Amino acid sequence: MEETVKMLEEKARQIRRHVISMLGAAGSGHPGGSLSAADIVTALYFKVMRVDAQNSRWPDRDRFVLSKGHAAPVLYAALAEKGFFPLDELNGLRKLGSPLQGHPDMRKVPGVEMSTGSLGQGLSAASGMALAGKLDGKDYRVYVLLGDGELQEGQVWEAAMAASHYGLDNLTAFIDYNGFQIDGPVEEVMSIDPVAEKWRAFGWHVISIDGHDFGQILKAVEEAGTAGRPTAVVAKTVKGKGVSFMENQVDWHGVAPKGEQIDQALAELAG
Amino acid sequence: MEKIATRVAYGKTLAVLGEENRDIVVLDADLAKSTKTIEFKKKFPDRFFDMGIAEANMVGTAAGLAAAGKIPFCSTFAVFATGRTYDQIRQSVAYPRLNVKIAATHAGITVGEDGSSHQMLEDIALMRVLPNMTVLVPSDAVATEAAVRAAAKIKGPVYLRLGRSAVPVLYTGGMDFNVGKAIRLRRGKDATIIACGVMVGAALEAAGELAQEGLNVGVIDMHTVKPLDVDAVVVAARETGALVTAEEHSIIGGLGGAVAETVAEHYPVPVKRVGIEDTFGESGRPPELLQKYGLTAAHLVAAVKEVVRRKNR
């Protein structure tokens, strides 16, 4: 376990470095929510999920839906590290002709399971995939990552209701609870608390964890596998995690680092 | 003349298709008895999902089912199926080109007594503007069966527009339904009525009346509004020199809009769009509403005379 955690920590650092470099090269994008989600995404792709980079449409694969599509850089970095496409493509992020759109496009990037970007829609799509798995008698699992601000979208709760109604125990939703959205702290913009109680009230199994603790992430995934219900993992995270000047700074939600900022961020993320 | 609502033909066809193709699944938003998806539910309860009164999630779930290889048909009233879920259809279905069929019933003003909140007059416009979307508007029960079958075969998003009220069966001898290929029901010389849905029957009636007055008017069933059969429109414009469009929909953005755009670019001739004139509807019996809002054979007769006058000016 200790070795696994070490490996994942190093992988997450590498993925965070990619995020910084990609955004630096792109000159725009969303660092804060990419960095807060980096450990969850790393754990899923490098320890939890059954995927095959050489056969990205393998019918029995586990699925990951990035409902908070603006965190595309962290997904692209994980997919490239996993071998779905060459690492040097990462520098094309947001540029004309690149498959790496500002928000994920499932038709352009191998490994992207759903096109997202308009918030609140990913949980519905993930539920559909989980439902199809049940219909086909397949044992794949579906993971979806939602932002905390995203929980303000009504469709999320329609989906939460339906997933529990249809007993989708093969579905796990991670909430990247970093506490900030574009206009400010979530609790000031539109309070979503109590988050755990909301999911519980909708019939979900709920686990609250530190979203930067790999031991806790992996344990939550294991618990979700036997919950007999859809599981919501409320992961407390730090927006901008890993880069001192970005941490908990709402202004880094949707602004790319430049020049010396890139150098400093990469230095802080060096192993 | 036998009358069957297109929604009834939809439910019946869906139940048959469910047998032929095990990948077909059906979702509804608490209106299965009205949309007639209940016919599928009765036969295949395991592949039918009532999503409750939550249309956005219904469409999103359908997208996920399609991403995993299923062929989902989503049904509710057209006003909810396209208006309430426009963003879900745009973002989660049309953009990723997923194999989702939006089969909407109760389109148009013939919803009747429920009134304007339930009379969808903008759905063709909303769906037609989306890239990757096919828009089918069958005119009777026979065309509906063919359209449902065609929709299931298309690998991508389809919008299928269906009605509440019983409408005459026009294709009593069967038909060849090819997506994107208009059907010329009647050849004309003086003008052509290009119609879809319930207005095809009215167009045939109008052409019959005009013939008695010495005007030779063609009728085209434009069952596929997108991709539009541009050739059929241009040929009609060239051969008859004047066009009337007829739809149970706003004159903005629907079939009339599509035809006007086409002739403006390819073969300008006088066009008159018959449809709902940029207004909301109201409660009433369907025939009363068709009369009040200008959607009868008599209105088409007047429209044809107008374009012919403009042509001869």
# chains A, B, ... in the order shown; residues from 1 in each chain; ligands from 1
call {"tool": "residues_around", "arguments": {"residues": "Gly203 in chain A", "least_positions_apart": "3", "cutoff": "9 Å", "atoms": "only C-alpha atoms", "output": "list of chain:residue names"}}
result
A:Ala160, A:Met161, A:Ala163, A:Ser164, A:His165, A:Lys198, A:Trp199, A:Arg200, A:Arg229, A:Pro230
call {"tool": "interface_residues", "arguments": {"of": "chain A", "to": "chain B", "cutoff": "7 Å", "atoms": "only C-alpha atoms", "output": "PyMOL selection string"}}
result
chain A and resi 106-107+115+118+121+124-129+131-132+155+158-159+162
call {"tool": "write_last_selection", "arguments": {"atoms": "N, CA and C atoms", "output": "CSV table (one decimal), in the first residue's frame"}}
result
chain,number,residue,atom,x,y,z
A,106,MET,N,-15.5,13.8,-26.8
A,106,MET,CA,-15.3,12.4,-26.9
A,106,MET,C,-15.0,11.9,-28.3
A,107,ARG,N,-15.3,12.7,-29.3
A,107,ARG,CA,-15.1,12.3,-30.7
A,107,ARG,C,-13.7,12.6,-31.1
A,115,SER,N,-18.5,14.0,-23.9
A,115,SER,CA,-18.2,15.4,-24.2
A,115,SER,C,-18.9,16.2,-23.1
A,118,SER,N,-20.8,21.9,-20.4
A,118,SER,CA,-22.0,22.6,-19.9
A,118,SER,C,-22.3,21.8,-18.6
A,121,GLN,N,-24.4,18.0,-16.5
A,121,GLN,CA,-24.8,16.9,-17.4
A,121,GLN,C,-24.1,15.6,-17.3
A,124,SER,N,-25.8,12.5,-15.4
A,124,SER,CA,-26.8,11.8,-16.2
A,124,SER,C,-26.2,10.9,-17.2
A,125,ALA,N,-25.2,11.3,-17.9
A,125,ALA,CA,-24.5,10.4,-18.9
A,125,ALA,C,-23.9,9.2,-18.2
A,126,ALA,N,-23.3,9.5,-17.1
A,126,ALA,CA,-22.6,8.4,-16.4
A,126,ALA,C,-23.7,7.4,-15.9
A,127,SER,N,-24.9,7.9,-15.5
A,127,SER,CA,-26.0,7.0,-15.1
A,127,SER,C,-26.4,6.1,-16.3
A,128,GLY,N,-26.5,6.8,-17.5
A,128,GLY,CA,-26.9,6.0,-18.6
A,128,GLY,C,-25.9,4.9,-18.9
A,129,MET,N,-24.6,5.2,-18.8
A,129,MET,CA,-23.6,4.1,-19.0
A,129,MET,C,-23.7,3.0,-18.0
A,131,LEU,N,-26.4,2.2,-16.4
A,131,LEU,CA,-27.7,1.5,-16.7
A,131,LEU,C,-27.4,0.5,-17.8
A,132,ALA,N,-26.7,0.9,-18.8
A,132,ALA,CA,-26.4,0.0,-19.9
A,132,ALA,C,-25.5,-1.2,-19.4
A,155,GLN,N,-30.1,19.6,-12.8
A,155,GLN,CA,-30.1,18.3,-13.4
A,155,GLN,C,-29.3,17.3,-12.6
A,158,GLU,N,-31.8,15.7,-10.4
A,158,GLU,CA,-32.6,14.7,-11.2
A,158,GLU,C,-31.9,13.4,-11.4
A,159,ALA,N,-30.6,13.5,-11.7
A,159,ALA,CA,-29.8,12.3,-12.0
A,159,ALA,C,-29.6,11.6,-10.7
A,162,ALA,N,-32.6,9.5,-10.0
A,162,ALA,CA,-32.8,8.4,-10.9
A,162,ALA,C,-31.8,7.3,-10.6
call {"tool": "atom_distance", "arguments": {"atom1": "CA of Asp193 in chain A", "atom2": "CA of Thr237 in chain A"}}
result
15.4 Å
call {"tool": "select_by_dssp", "arguments": {"residues": "range 70-139 of chain B", "states": "alpha helix (DSSP H)", "output": "VMD selection string"}}
result
chain B and resid 78 86 to 88 123 to 128
call {"tool": "residues_around", "arguments": {"residues": "Gly241 in chain B", "least_positions_apart": "6", "cutoff": "9 Å", "atoms": "only C-alpha atoms", "output": "count of residues only"}}
result
10
call {"tool": "atom_distance", "arguments": {"atom1": "CA of Ala258 in chain B", "atom2": "CA of Ser116 in chain B"}}
result
24.2 Å
call {"tool": "closest_residue", "arguments": {"among": "A:Val19, A:Ala173, A:Leu269, A:Leu119", "to": "Arg141 in chain A", "atoms": "only C-alpha atoms"}}
result
A:Ala173
call {"tool": "decode", "arguments": {"residues": "range 182-216 of chain A", "atoms": "N, CA, C and O atoms", "output": "compact mmCIF listing (two decimals), in the first residue's frame"}}
result
# COMPACT_ATOMS: atom_id res chain seq x y z
N ILE A 182 -16.39 30.44 -9.74
CA ILE A 182 -15.82 31.62 -10.38
C ILE A 182 -16.06 32.91 -9.60
O ILE A 182 -15.16 33.71 -9.39
N ASP A 183 -17.29 33.09 -9.15
CA ASP A 183 -17.63 34.35 -8.49
C ASP A 183 -17.19 34.45 -7.04
O ASP A 183 -17.36 35.50 -6.42
N GLY A 184 -16.65 33.36 -6.48
CA GLY A 184 -16.19 33.43 -5.10
C GLY A 184 -16.38 32.12 -4.36
O GLY A 184 -16.59 31.07 -4.98
N PRO A 185 -16.32 32.18 -3.03
CA PRO A 185 -16.54 30.97 -2.24
C PRO A 185 -17.95 30.43 -2.51
O PRO A 185 -18.91 31.22 -2.57
N VAL A 186 -18.05 29.11 -2.64
CA VAL A 186 -19.34 28.50 -2.95
C VAL A 186 -20.40 28.90 -1.93
O VAL A 186 -21.54 29.21 -2.28
N GLU A 187 -19.99 28.94 -0.66
CA GLU A 187 -21.00 29.24 0.38
C GLU A 187 -21.52 30.67 0.27
O GLU A 187 -22.59 30.98 0.74
N GLU A 188 -20.76 31.55 -0.38
CA GLU A 188 -21.24 32.92 -0.56
C GLU A 188 -22.08 33.06 -1.84
O GLU A 188 -23.05 33.80 -1.89
N VAL A 189 -21.64 32.34 -2.90
CA VAL A 189 -22.36 32.45 -4.18
C VAL A 189 -23.73 31.77 -4.08
O VAL A 189 -24.75 32.38 -4.39
N MET A 190 -23.72 30.52 -3.66
CA MET A 190 -24.98 29.76 -3.52
C MET A 190 -24.65 28.52 -2.70
O MET A 190 -24.08 27.56 -3.21
N SER A 191 -25.00 28.60 -1.45
CA SER A 191 -24.59 27.53 -0.53
C SER A 191 -25.15 26.18 -0.97
O SER A 191 -26.32 26.08 -1.33
N ILE A 192 -24.30 25.16 -0.91
CA ILE A 192 -24.72 23.80 -1.29
C ILE A 192 -24.79 22.88 -0.08
O ILE A 192 -25.17 21.73 -0.20
N ASP A 193 -24.39 23.40 1.07
CA ASP A 193 -24.38 22.56 2.27
C ASP A 193 -25.80 22.30 2.78
O ASP A 193 -26.69 23.12 2.54
N PRO A 194 -26.04 21.21 3.47
CA PRO A 194 -25.08 20.16 3.78
C PRO A 194 -24.98 19.15 2.62
O PRO A 194 -25.96 18.49 2.30
N VAL A 195 -23.80 19.03 2.03
CA VAL A 195 -23.63 18.21 0.83
C VAL A 195 -23.86 16.72 1.10
O VAL A 195 -24.64 16.07 0.42
N ALA A 196 -23.19 16.20 2.11
CA ALA A 196 -23.31 14.76 2.38
C ALA A 196 -24.76 14.38 2.66
O ALA A 196 -25.28 13.39 2.13
N GLU A 197 -25.43 15.21 3.44
CA GLU A 197 -26.83 14.93 3.79
C GLU A 197 -27.72 14.95 2.56
O GLU A 197 -28.67 14.20 2.45
N LYS A 198 -27.41 15.86 1.63
CA LYS A 198 -28.23 15.93 0.41
C LYS A 198 -28.15 14.60 -0.35
O LYS A 198 -29.16 14.03 -0.76
N TRP A 199 -26.92 14.13 -0.57
CA TRP A 199 -26.77 12.87 -1.33
C TRP A 199 -27.42 11.72 -0.58
O TRP A 199 -28.07 10.86 -1.18
N ARG A 200 -27.26 11.72 0.74
CA ARG A 200 -27.86 10.66 1.54
C ARG A 200 -29.39 10.69 1.39
O ARG A 200 -30.03 9.66 1.22
N ALA A 201 -29.92 11.90 1.41
CA ALA A 201 -31.38 12.03 1.29
C ALA A 201 -31.88 11.53 -0.07
O ALA A 201 -33.01 11.09 -0.20
N PHE A 202 -30.99 11.59 -1.07
CA PHE A 202 -31.37 11.10 -2.40
C PHE A 202 -31.13 9.60 -2.55
O PHE A 202 -31.24 9.06 -3.64
N GLY A 203 -30.76 8.96 -1.46
CA GLY A 203 -30.63 7.51 -1.48
C GLY A 203 -29.25 6.97 -1.79
O GLY A 203 -29.09 5.79 -2.10
N TRP A 204 -28.27 7.84 -1.75
CA TRP A 204 -26.91 7.40 -2.06
C TRP A 204 -26.14 7.02 -0.80
O TRP A 204 -26.39 7.55 0.28
N HIS A 205 -25.18 6.11 -0.99
CA HIS A 205 -24.20 5.86 0.05
C HIS A 205 -23.19 7.00 -0.03
O HIS A 205 -22.76 7.37 -1.12
N VAL A 206 -22.83 7.58 1.11
CA VAL A 206 -21.95 8.75 1.10
C VAL A 206 -20.70 8.50 1.93
O VAL A 206 -20.77 7.96 3.05
N ILE A 207 -19.55 8.86 1.36
CA ILE A 207 -18.28 8.75 2.08
C ILE A 207 -17.60 10.11 2.01
O ILE A 207 -17.46 10.67 0.92
N SER A 208 -17.21 10.65 3.13
CA SER A 208 -16.50 11.92 3.14
C SER A 208 -15.01 11.67 3.37
O SER A 208 -14.64 10.95 4.30
N ILE A 209 -14.19 12.25 2.51
CA ILE A 209 -12.74 11.98 2.61
C ILE A 209 -11.95 13.26 2.35
O ILE A 209 -12.49 14.28 1.92
N ASP A 210 -10.64 13.15 2.60
CA ASP A 210 -9.68 14.15 2.17
C ASP A 210 -9.28 13.78 0.73
O ASP A 210 -8.69 12.72 0.51
N GLY A 211 -9.63 14.61 -0.20
CA GLY A 211 -9.42 14.29 -1.61
C GLY A 211 -7.97 14.37 -2.07
O GLY A 211 -7.69 14.20 -3.26
N HIS A 212 -7.06 14.60 -1.15
CA HIS A 212 -5.64 14.56 -1.50
C HIS A 212 -4.93 13.42 -0.78
O HIS A 212 -3.71 13.32 -0.83
N ASP A 213 -5.68 12.56 -0.12
CA ASP A 213 -5.11 11.44 0.62
C ASP A 213 -5.41 10.15 -0.15
O ASP A 213 -6.56 9.68 -0.18
N PHE A 214 -4.37 9.62 -0.80
CA PHE A 214 -4.60 8.44 -1.67
C PHE A 214 -5.15 7.26 -0.90
O PHE A 214 -5.97 6.49 -1.42
N GLY A 215 -4.70 7.08 0.34
CA GLY A 215 -5.23 5.98 1.16
C GLY A 215 -6.74 6.11 1.28
O GLY A 215 -7.48 5.13 1.09
N GLN A 216 -7.19 7.31 1.55
CA GLN A 216 -8.63 7.53 1.72
C GLN A 216 -9.40 7.39 0.40
O GLN A 216 -10.51 6.86 0.37
